[in-house]
>>> print(open('upload_20.txt').read())   # compact mmCIF, C-alpha atoms and all ligand atoms
# COMPACT_ATOMS: atom_id res chain seq x y z
CA MET A 1 51.96 21.95 59.58
CA ILE A 2 50.21 25.32 59.35
CA LYS A 3 50.77 27.08 56.02
CA GLY A 4 47.83 29.44 55.70
CA PHE A 5 45.09 31.40 57.44
CA ILE A 6 41.58 31.78 56.04
CA PHE A 7 39.53 34.70 57.34
CA ASP A 8 35.82 35.29 57.38
CA LEU A 9 35.13 38.99 56.74
CA ASP A 10 31.98 40.31 58.47
CA GLY A 11 32.56 40.18 62.24
CA VAL A 12 36.19 38.98 61.98
CA LEU A 13 38.09 41.61 60.02
CA THR A 14 35.48 44.40 60.23
CA ASP A 15 32.22 45.03 62.00
CA THR A 16 29.92 45.13 58.99
CA ALA A 17 27.46 43.04 61.04
CA ASN A 18 25.99 46.33 62.28
CA PHE A 19 25.46 47.60 58.71
CA HIS A 20 23.76 44.30 57.80
CA TYR A 21 21.51 44.79 60.85
CA LEU A 22 20.60 48.38 59.97
CA ALA A 23 19.75 47.37 56.39
CA TRP A 24 17.60 44.40 57.49
CA LYS A 25 15.91 46.57 60.16
CA ARG A 26 14.98 49.20 57.56
CA LEU A 27 13.43 46.52 55.35
CA ALA A 28 11.63 44.84 58.28
CA ASP A 29 10.10 48.18 59.35
CA GLU A 30 8.89 48.79 55.80
CA ILE A 31 7.31 45.33 55.51
CA GLY A 32 5.89 45.57 59.05
CA VAL A 33 7.81 42.62 60.56
CA ASP A 34 9.23 42.76 64.12
CA PHE A 35 13.02 42.75 64.13
CA ASP A 36 15.63 43.83 66.67
CA ARG A 37 19.32 43.36 67.53
CA ASP A 38 18.64 40.17 69.50
CA ARG A 39 16.90 38.54 66.56
CA ASN A 40 19.73 39.80 64.32
CA GLU A 41 22.25 37.53 66.12
CA ALA A 42 20.67 34.54 64.33
CA LEU A 43 21.67 36.12 60.99
CA ARG A 44 25.42 36.15 61.72
CA GLY A 45 27.27 34.37 58.91
CA VAL A 46 24.01 33.35 57.24
CA SER A 47 23.40 33.85 53.49
CA ARG A 48 21.23 36.70 52.23
CA ARG A 49 18.26 34.47 51.37
CA GLN A 50 18.46 32.46 54.60
CA SER A 51 18.71 35.73 56.55
CA LEU A 52 15.47 36.98 54.98
CA MET A 53 13.74 33.68 55.81
CA ILE A 54 14.79 33.97 59.46
CA LEU A 55 13.67 37.61 59.52
CA LEU A 56 10.27 36.77 57.98
CA ASP A 57 9.81 33.91 60.47
CA GLY A 58 6.85 32.43 58.59
CA TYR A 59 5.43 35.78 57.36
CA PRO A 60 3.94 34.85 53.96
CA ALA A 61 5.90 35.94 50.87
CA THR A 62 5.91 35.05 47.16
CA GLU A 63 9.19 34.23 45.39
CA ASP A 64 8.95 37.61 43.57
CA GLN A 65 8.64 39.41 46.92
CA ILE A 66 11.56 37.43 48.35
CA VAL A 67 13.79 38.40 45.43
CA SER A 68 12.72 42.03 45.54
CA TRP A 69 13.19 42.28 49.34
CA MET A 70 16.69 40.74 49.11
CA GLU A 71 17.58 43.34 46.44
CA ARG A 72 16.10 46.16 48.50
CA LYS A 73 18.05 45.13 51.63
CA ASN A 74 21.24 44.85 49.60
CA GLY A 75 20.67 48.37 48.21
CA TYR A 76 20.42 49.72 51.78
CA TYR A 77 23.54 47.74 52.79
CA VAL A 78 25.54 49.01 49.83
CA GLU A 79 24.53 52.59 50.74
CA LEU A 80 25.93 52.03 54.25
CA LEU A 81 29.12 50.46 52.84
CA GLN A 82 30.04 53.81 51.29
CA GLU A 83 31.13 54.87 54.82
CA ILE A 84 33.63 52.00 55.24
CA ARG A 85 37.37 52.68 55.19
CA GLU A 86 40.62 51.41 56.75
CA THR A 87 39.59 52.72 60.18
CA ASN A 88 36.76 50.15 60.18
CA LEU A 89 39.21 47.25 60.53
CA LEU A 90 38.67 45.66 63.95
CA PRO A 91 41.46 46.21 66.55
CA GLY A 92 44.54 44.02 65.99
CA VAL A 93 43.50 42.87 62.52
CA GLU A 94 45.99 44.89 60.49
CA SER A 95 48.90 43.76 62.66
CA ILE A 96 47.91 40.06 62.43
CA LEU A 97 47.61 40.31 58.66
CA GLN A 98 50.99 42.03 58.54
CA ASP A 99 52.59 39.34 60.76
CA ILE A 100 51.12 36.53 58.64
CA GLN A 101 52.57 38.06 55.50
CA SER A 102 55.97 38.83 57.06
CA ALA A 103 56.27 35.28 58.45
CA GLY A 104 55.62 33.79 54.99
CA TYR A 105 52.20 32.25 55.65
CA LEU A 106 49.42 32.55 53.07
CA ALA A 107 46.19 34.44 53.81
CA GLY A 108 42.82 33.89 52.15
CA LEU A 109 39.38 35.42 52.55
CA ALA A 110 36.26 33.22 52.74
CA SER A 111 33.10 35.32 53.08
CA ALA A 112 29.51 34.41 52.26
CA SER A 113 28.98 38.00 51.13
CA LYS A 114 28.59 39.02 47.50
CA ASN A 115 29.88 42.44 48.59
CA ALA A 116 33.15 41.02 49.97
CA ARG A 117 35.45 42.29 47.21
CA ASP A 118 34.06 45.80 47.51
CA VAL A 119 34.56 45.74 51.31
CA VAL A 120 38.14 44.43 50.93
CA GLN A 121 38.90 47.29 48.57
CA LYS A 122 37.40 49.89 50.91
CA LEU A 123 39.34 48.45 53.90
CA ASN A 124 42.52 48.52 51.76
CA ILE A 125 43.59 44.99 52.75
CA GLY A 126 43.77 43.43 49.28
CA HIS A 127 47.59 43.40 49.39
CA PHE A 128 47.48 41.10 52.45
CA LEU A 129 45.26 38.50 50.74
CA ASN A 130 46.52 35.72 48.45
CA SER A 131 42.96 34.65 47.52
CA ILE A 132 39.36 35.78 47.86
CA SER A 133 36.42 33.36 48.05
CA ASP A 134 33.06 35.13 48.31
CA GLY A 135 29.30 34.76 47.90
CA TYR A 136 29.78 33.92 44.21
CA SER A 137 32.35 31.13 44.75
CA VAL A 138 30.23 28.16 45.88
CA GLU A 139 26.56 27.12 46.15
CA ALA A 140 26.31 25.50 49.58
CA PRO A 141 26.39 28.04 52.45
CA LYS A 142 28.21 27.55 55.79
CA PRO A 143 27.98 25.22 57.81
CA ALA A 144 28.88 23.31 54.62
CA PRO A 145 32.68 23.25 54.25
CA ASP A 146 32.58 24.25 50.56
CA LEU A 147 33.64 27.90 50.87
CA PHE A 148 36.65 27.07 53.04
CA LEU A 149 37.65 24.22 50.73
CA HIS A 150 37.42 26.68 47.83
CA ALA A 151 39.72 29.03 49.74
CA ALA A 152 42.24 26.27 50.49
CA ARG A 153 42.29 25.21 46.81
CA SER A 154 42.78 28.85 45.76
CA LEU A 155 45.76 29.09 48.11
CA GLY A 156 47.14 25.78 46.81
CA LEU A 157 46.98 24.25 50.31
CA ASN A 158 45.52 21.07 51.80
CA PRO A 159 42.71 21.67 54.34
CA GLU A 160 44.81 20.41 57.25
CA GLU A 161 47.41 23.08 56.47
CA CYS A 162 44.81 25.84 56.99
CA VAL A 163 43.49 27.72 60.01
CA VAL A 164 40.05 29.35 59.80
CA ALA A 165 39.04 32.49 61.74
CA GLU A 166 35.28 32.83 62.16
CA ASP A 167 32.74 34.70 64.33
CA ALA A 168 29.67 32.61 63.44
CA GLU A 169 28.73 29.24 64.91
CA ALA A 170 27.91 27.99 61.40
CA GLY A 171 31.34 29.20 60.28
CA ILE A 172 33.17 27.25 62.99
CA GLU A 173 31.16 24.17 62.05
CA ALA A 174 32.12 24.72 58.40
CA GLY A 175 35.82 25.01 59.31
CA ILE A 176 35.69 21.80 61.35
CA ALA A 177 33.82 20.02 58.53
CA ALA A 178 36.55 21.18 56.14
CA GLY A 179 39.18 19.50 58.34
CA MET A 180 40.83 22.79 59.31
CA LYS A 181 41.95 24.23 62.64
CA THR A 182 39.60 26.94 63.89
CA ILE A 183 39.84 30.26 65.72
CA GLY A 184 36.52 31.45 67.16
CA ILE A 185 36.06 35.22 67.42
CA GLY A 186 33.56 36.21 70.12
CA PRO A 187 31.79 34.61 73.09
CA MET A 188 32.25 30.94 74.06
CA ALA A 189 28.47 30.48 73.81
CA ARG A 190 28.71 31.20 70.08
CA VAL A 191 32.14 29.91 68.99
CA GLY A 192 33.05 27.52 71.81
CA LYS A 193 33.48 24.61 69.38
CA ALA A 194 36.62 26.26 67.95
CA ASP A 195 40.15 25.04 68.78
CA ILE A 196 40.88 28.43 70.32
CA VAL A 197 38.50 31.24 71.25
CA LEU A 198 39.48 34.92 71.13
CA GLU A 199 36.68 36.68 72.98
CA ASN A 200 38.05 40.13 72.08
CA GLY A 201 39.12 39.30 68.56
CA PHE A 202 42.73 39.91 67.55
CA ASP A 203 43.19 42.88 69.89
CA GLY A 204 46.45 42.36 71.82
CA ILE A 205 47.08 38.91 70.29
CA THR A 206 50.23 38.08 68.32
CA LEU A 207 50.64 35.51 65.57
CA ALA A 208 53.11 33.66 67.85
CA ASP A 209 50.38 33.46 70.57
CA ILE A 210 47.94 31.94 68.09
CA ILE A 211 50.36 29.41 66.65
CA GLY A 212 51.55 28.47 70.15
CA LYS A 213 47.96 27.83 71.29
CA LEU A 214 47.06 25.87 68.16
CA LEU A 215 50.10 23.64 68.26
CA GLY A 216 50.44 23.46 72.03
C1 LIG A 301 28.00 37.10 55.69
C2 LIG A 301 27.32 37.93 56.76
O1 LIG A 301 29.36 37.35 55.69
O2 LIG A 301 27.48 37.44 54.41
C3 LIG A 301 25.82 37.79 56.69
O3 LIG A 301 27.78 37.51 58.03
C4 LIG A 301 25.35 38.13 55.27
O4 LIG A 301 25.22 38.65 57.62
C5 LIG A 301 26.08 37.24 54.26
O5 LIG A 301 23.93 37.91 55.16
C6 LIG A 301 25.68 37.56 52.81
O6 LIG A 301 26.09 38.87 52.51
P1 LIG A 301 25.60 39.70 51.26
O7 LIG A 301 26.46 40.96 51.30
O8 LIG A 301 25.90 38.89 50.03
O9 LIG A 301 24.15 39.95 51.41
MG MG A 302 31.16 36.54 60.02
>>> encode(input="upload_20.txt", output="structure tokens", more="lines below")
Ligand code: BG6
Ligand code: MG
Amino acid sequence: MIKGFIFDLDGVLTDTANFHYLAWKRLADEIGVDFDRDRNEALRGVSRRQSLMILLDGYPATEDQIVSWMERKNGYYVELLQEIRETNLLPGVESILQDIQSAGYLAGLASASKNARDVVQKLNIGHFLNSISDGYSVEAPKPAPDLFLHAARSLGLNPEECVVAEDAEAGIEAGIAAGMKTIGIGPMARVGKADIVLENGFDGITLADIIGKLLG
């Protein structure tokens, strides 16, 4: 029985993926490392430190440099976040969140980002969320199931009562590992392992459509 929905943030509820890219690109240009939008795809859903490692791709760095570059990138990202507001919710998201609440399901957030609470506040969606799990909640990053299990516990639900919505391959793997049903947001090539795939996100999709597909 489905009792709750757990949402990833970046790339599912809002397109902050572009802001992450612009911040990493600024850092990469300063360091002198090649980086473009294609290479950025590998950073989707990945933690800040892991993202830097992928970006550096073997470029030598001391631990002090790694820490300082992560801080510098986050500073650039936080600058860009100042522009975010309700209009940055992806199409269909507000109506799905509204339907979930009206139908009496629980909704939780499970984002790897340490900026998640700030983004939720700027998007003005806090009133739709019964719990927030973020980059401070667990140690092991996706594809480990830990963050989604944290979200389920916070909602007071068993994993099998939860549905995860994710745009990253590692996120779908994490949802499956957690024993939850999964909704993949984006292309089949990326999220094809999910129970259902919404190539265009929640645009034009109703909660009844989703539940019908998951249970049917
Ligand atoms: C994820 C994003 O939600 O959070 C990644 O998809 C990002 O791109 C990760 O690296 C960590 O975010 P932050 O804000 O803590 O650096
Ligand atoms: Mg994401």
>>> closest_residue(input="upload_20.txt", among="A:Ile205, A:Met1, A:Val67, A:Ile6", to="A:Leu129", atoms="only C-alpha atoms")
A:Ile6
>>> closest_residue(input="upload_20.txt", among="A:Ser47, A:Ser154, A:Ser102, A:Thr62", to="A:Asp10", atoms="only C-alpha atoms")
A:Ser47
>>> residues_around(input="upload_20.txt", residues="stretch 27-39 of chain A", least_positions_apart="2", cutoff="7 Å", atoms="all atoms listed in the file", output="JSON, numbers by chain")
{"A": [23, 24, 25, 41, 42, 55, 56, 73]}
>>> atom_distance(input="upload_20.txt", atom1="atom CA of A:Trp69", atom2="atom CA of A:Asn18")
18.6 Å
>>> residues_near_ligand(input="upload_20.txt", ligand="ligand MG 302 (chain A)", cutoff="10 Å", atoms="only C-alpha atoms and all ligand atoms", output="list of chain:residue names")
A:Phe7, A:Asp8, A:Leu9, A:Asp10, A:Gly11, A:Val12, A:Leu13, A:Thr14, A:Asp15, A:Thr16, A:Ala17, A:Leu43, A:Arg44, A:Gly45, A:Val46, A:Ala110, A:Ser111, A:Ala112, A:Ser113, A:Ala165, A:Glu166, A:Asp167, A:Ala168, A:Glu169, A:Ala170, A:Gly171, A:Ile172, A:Ile185
>>> residues_around(input="upload_20.txt", residues="A:Lys122", least_positions_apart="2", cutoff="10 Å", atoms="all atoms listed in the file", output="list in words")
Leu81, Gln82, Glu83, Ile84, Arg85, Glu86, Thr87, Asn88, Ala116, Arg117, Asp118, Val119, Val120, Asn124, Ile125 and Gly126 of chain A
>>> atom_distance(input="upload_20.txt", atom1="atom CA of A:Ala140", atom2="atom CA of A:Val197")
25.5 Å
>>> axis_aligned_box(input="upload_20.txt", around="ligand LIG 301 (chain A)", padding_each_side="4 Å", output="AutoDock Vina command-line options")
--center_x 26.6 --center_y 39.0 --center_z 54.0 --size_x 13.4 --size_y 11.9 --size_z 16.0
>>> atom_distance(input="upload_20.txt", atom1="atom C6 of ligand LIG 301 (chain A)", atom2="atom CA of A:Lys181")
23.2 Å
>>> closest_residue(input="upload_20.txt", among="A:Leu109, A:Leu198, A:Ala103, A:Leu97", to="ligand LIG 301 (chain A)", atoms="all atoms listed in the file")
A:Leu109
>>> closest_residue(input="upload_20.txt", among="A:Phe202, A:Phe19, A:Phe148, A:Tyr105", to="A:Val78", atoms="all atoms listed in the file")
A:Phe19
>>> build_atoms(input="upload_20.txt", residues="stretch 27-45 of chain A", atoms="N, CA, C and O atoms", output="PDB file, in the coordinates of the input")
ATOM      1  N   LEU A  27      14.367  47.324  56.155  1.00  0.00           N
ATOM      2  CA  LEU A  27      13.430  46.520  55.350  1.00  0.00           C
ATOM      3  C   LEU A  27      12.299  45.984  56.232  1.00  0.00           C
ATOM      4  O   LEU A  27      11.121  46.066  55.855  1.00  0.00           O
ATOM      5  N   ALA A  28      12.648  45.441  57.395  1.00  0.00           N
ATOM      6  CA  ALA A  28      11.630  44.840  58.280  1.00  0.00           C
ATOM      7  C   ALA A  28      10.588  45.884  58.674  1.00  0.00           C
ATOM      8  O   ALA A  28       9.381  45.600  58.664  1.00  0.00           O
ATOM      9  N   ASP A  29      11.038  47.110  58.979  1.00  0.00           N
ATOM     10  CA  ASP A  29      10.100  48.180  59.350  1.00  0.00           C
ATOM     11  C   ASP A  29       9.172  48.492  58.176  1.00  0.00           C
ATOM     12  O   ASP A  29       7.978  48.728  58.368  1.00  0.00           O
ATOM     13  N   GLU A  30       9.719  48.487  56.977  1.00  0.00           N
ATOM     14  CA  GLU A  30       8.890  48.790  55.800  1.00  0.00           C
ATOM     15  C   GLU A  30       7.839  47.712  55.551  1.00  0.00           C
ATOM     16  O   GLU A  30       6.703  48.000  55.192  1.00  0.00           O
ATOM     17  N   ILE A  31       8.264  46.438  55.741  1.00  0.00           N
ATOM     18  CA  ILE A  31       7.310  45.330  55.510  1.00  0.00           C
ATOM     19  C   ILE A  31       6.315  45.253  56.671  1.00  0.00           C
ATOM     20  O   ILE A  31       5.192  44.794  56.507  1.00  0.00           O
ATOM     21  N   GLY A  32       6.752  45.680  57.872  1.00  0.00           N
ATOM     22  CA  GLY A  32       5.890  45.570  59.050  1.00  0.00           C
ATOM     23  C   GLY A  32       6.150  44.284  59.824  1.00  0.00           C
ATOM     24  O   GLY A  32       5.232  43.716  60.416  1.00  0.00           O
ATOM     25  N   VAL A  33       7.418  43.828  59.814  1.00  0.00           N
ATOM     26  CA  VAL A  33       7.810  42.620  60.560  1.00  0.00           C
ATOM     27  C   VAL A  33       8.661  43.048  61.752  1.00  0.00           C
ATOM     28  O   VAL A  33       9.517  43.923  61.615  1.00  0.00           O
ATOM     29  N   ASP A  34       8.420  42.437  62.926  1.00  0.00           N
ATOM     30  CA  ASP A  34       9.230  42.760  64.120  1.00  0.00           C
ATOM     31  C   ASP A  34      10.662  42.287  63.932  1.00  0.00           C
ATOM     32  O   ASP A  34      10.878  41.141  63.528  1.00  0.00           O
ATOM     33  N   PHE A  35      11.619  43.144  64.247  1.00  0.00           N
ATOM     34  CA  PHE A  35      13.020  42.750  64.130  1.00  0.00           C
ATOM     35  C   PHE A  35      13.838  43.641  65.051  1.00  0.00           C
ATOM     36  O   PHE A  35      13.613  44.847  65.110  1.00  0.00           O
ATOM     37  N   ASP A  36      14.769  43.029  65.794  1.00  0.00           N
ATOM     38  CA  ASP A  36      15.630  43.830  66.670  1.00  0.00           C
ATOM     39  C   ASP A  36      17.029  43.203  66.718  1.00  0.00           C
ATOM     40  O   ASP A  36      17.298  42.194  66.061  1.00  0.00           O
ATOM     41  N   ARG A  37      17.916  43.814  67.509  1.00  0.00           N
ATOM     42  CA  ARG A  37      19.320  43.360  67.530  1.00  0.00           C
ATOM     43  C   ARG A  37      19.448  41.931  68.058  1.00  0.00           C
ATOM     44  O   ARG A  37      20.316  41.195  67.625  1.00  0.00           O
ATOM     45  N   ASP A  38      18.584  41.553  68.987  1.00  0.00           N
ATOM     46  CA  ASP A  38      18.640  40.170  69.500  1.00  0.00           C
ATOM     47  C   ASP A  38      18.340  39.186  68.387  1.00  0.00           C
ATOM     48  O   ASP A  38      19.064  38.203  68.197  1.00  0.00           O
ATOM     49  N   ARG A  39      17.266  39.448  67.657  1.00  0.00           N
ATOM     50  CA  ARG A  39      16.900  38.540  66.560  1.00  0.00           C
ATOM     51  C   ARG A  39      17.987  38.552  65.479  1.00  0.00           C
ATOM     52  O   ARG A  39      18.218  37.560  64.793  1.00  0.00           O
ATOM     53  N   ASN A  40      18.677  39.684  65.340  1.00  0.00           N
ATOM     54  CA  ASN A  40      19.730  39.800  64.320  1.00  0.00           C
ATOM     55  C   ASN A  40      20.890  38.828  64.561  1.00  0.00           C
ATOM     56  O   ASN A  40      21.574  38.432  63.622  1.00  0.00           O
ATOM     57  N   GLU A  41      21.134  38.448  65.813  1.00  0.00           N
ATOM     58  CA  GLU A  41      22.250  37.530  66.120  1.00  0.00           C
ATOM     59  C   GLU A  41      22.131  36.228  65.327  1.00  0.00           C
ATOM     60  O   GLU A  41      23.127  35.626  64.946  1.00  0.00           O
ATOM     61  N   ALA A  42      20.893  35.797  65.070  1.00  0.00           N
ATOM     62  CA  ALA A  42      20.670  34.540  64.330  1.00  0.00           C
ATOM     63  C   ALA A  42      21.069  34.670  62.857  1.00  0.00           C
ATOM     64  O   ALA A  42      21.141  33.668  62.137  1.00  0.00           O
ATOM     65  N   LEU A  43      21.333  35.908  62.404  1.00  0.00           N
ATOM     66  CA  LEU A  43      21.670  36.120  60.990  1.00  0.00           C
ATOM     67  C   LEU A  43      23.188  36.131  60.751  1.00  0.00           C
ATOM     68  O   LEU A  43      23.642  36.215  59.607  1.00  0.00           O
ATOM     69  N   ARG A  44      23.954  36.077  61.824  1.00  0.00           N
ATOM     70  CA  ARG A  44      25.420  36.150  61.720  1.00  0.00           C
ATOM     71  C   ARG A  44      25.945  35.027  60.827  1.00  0.00           C
ATOM     72  O   ARG A  44      25.691  33.851  61.108  1.00  0.00           O
ATOM     73  N   GLY A  45      26.646  35.372  59.787  1.00  0.00           N
ATOM     74  CA  GLY A  45      27.270  34.370  58.910  1.00  0.00           C
ATOM     75  C   GLY A  45      26.317  33.677  57.953  1.00  0.00           C
ATOM     76  O   GLY A  45      26.730  32.833  57.168  1.00  0.00           O
TER      77      GLY A  45
END
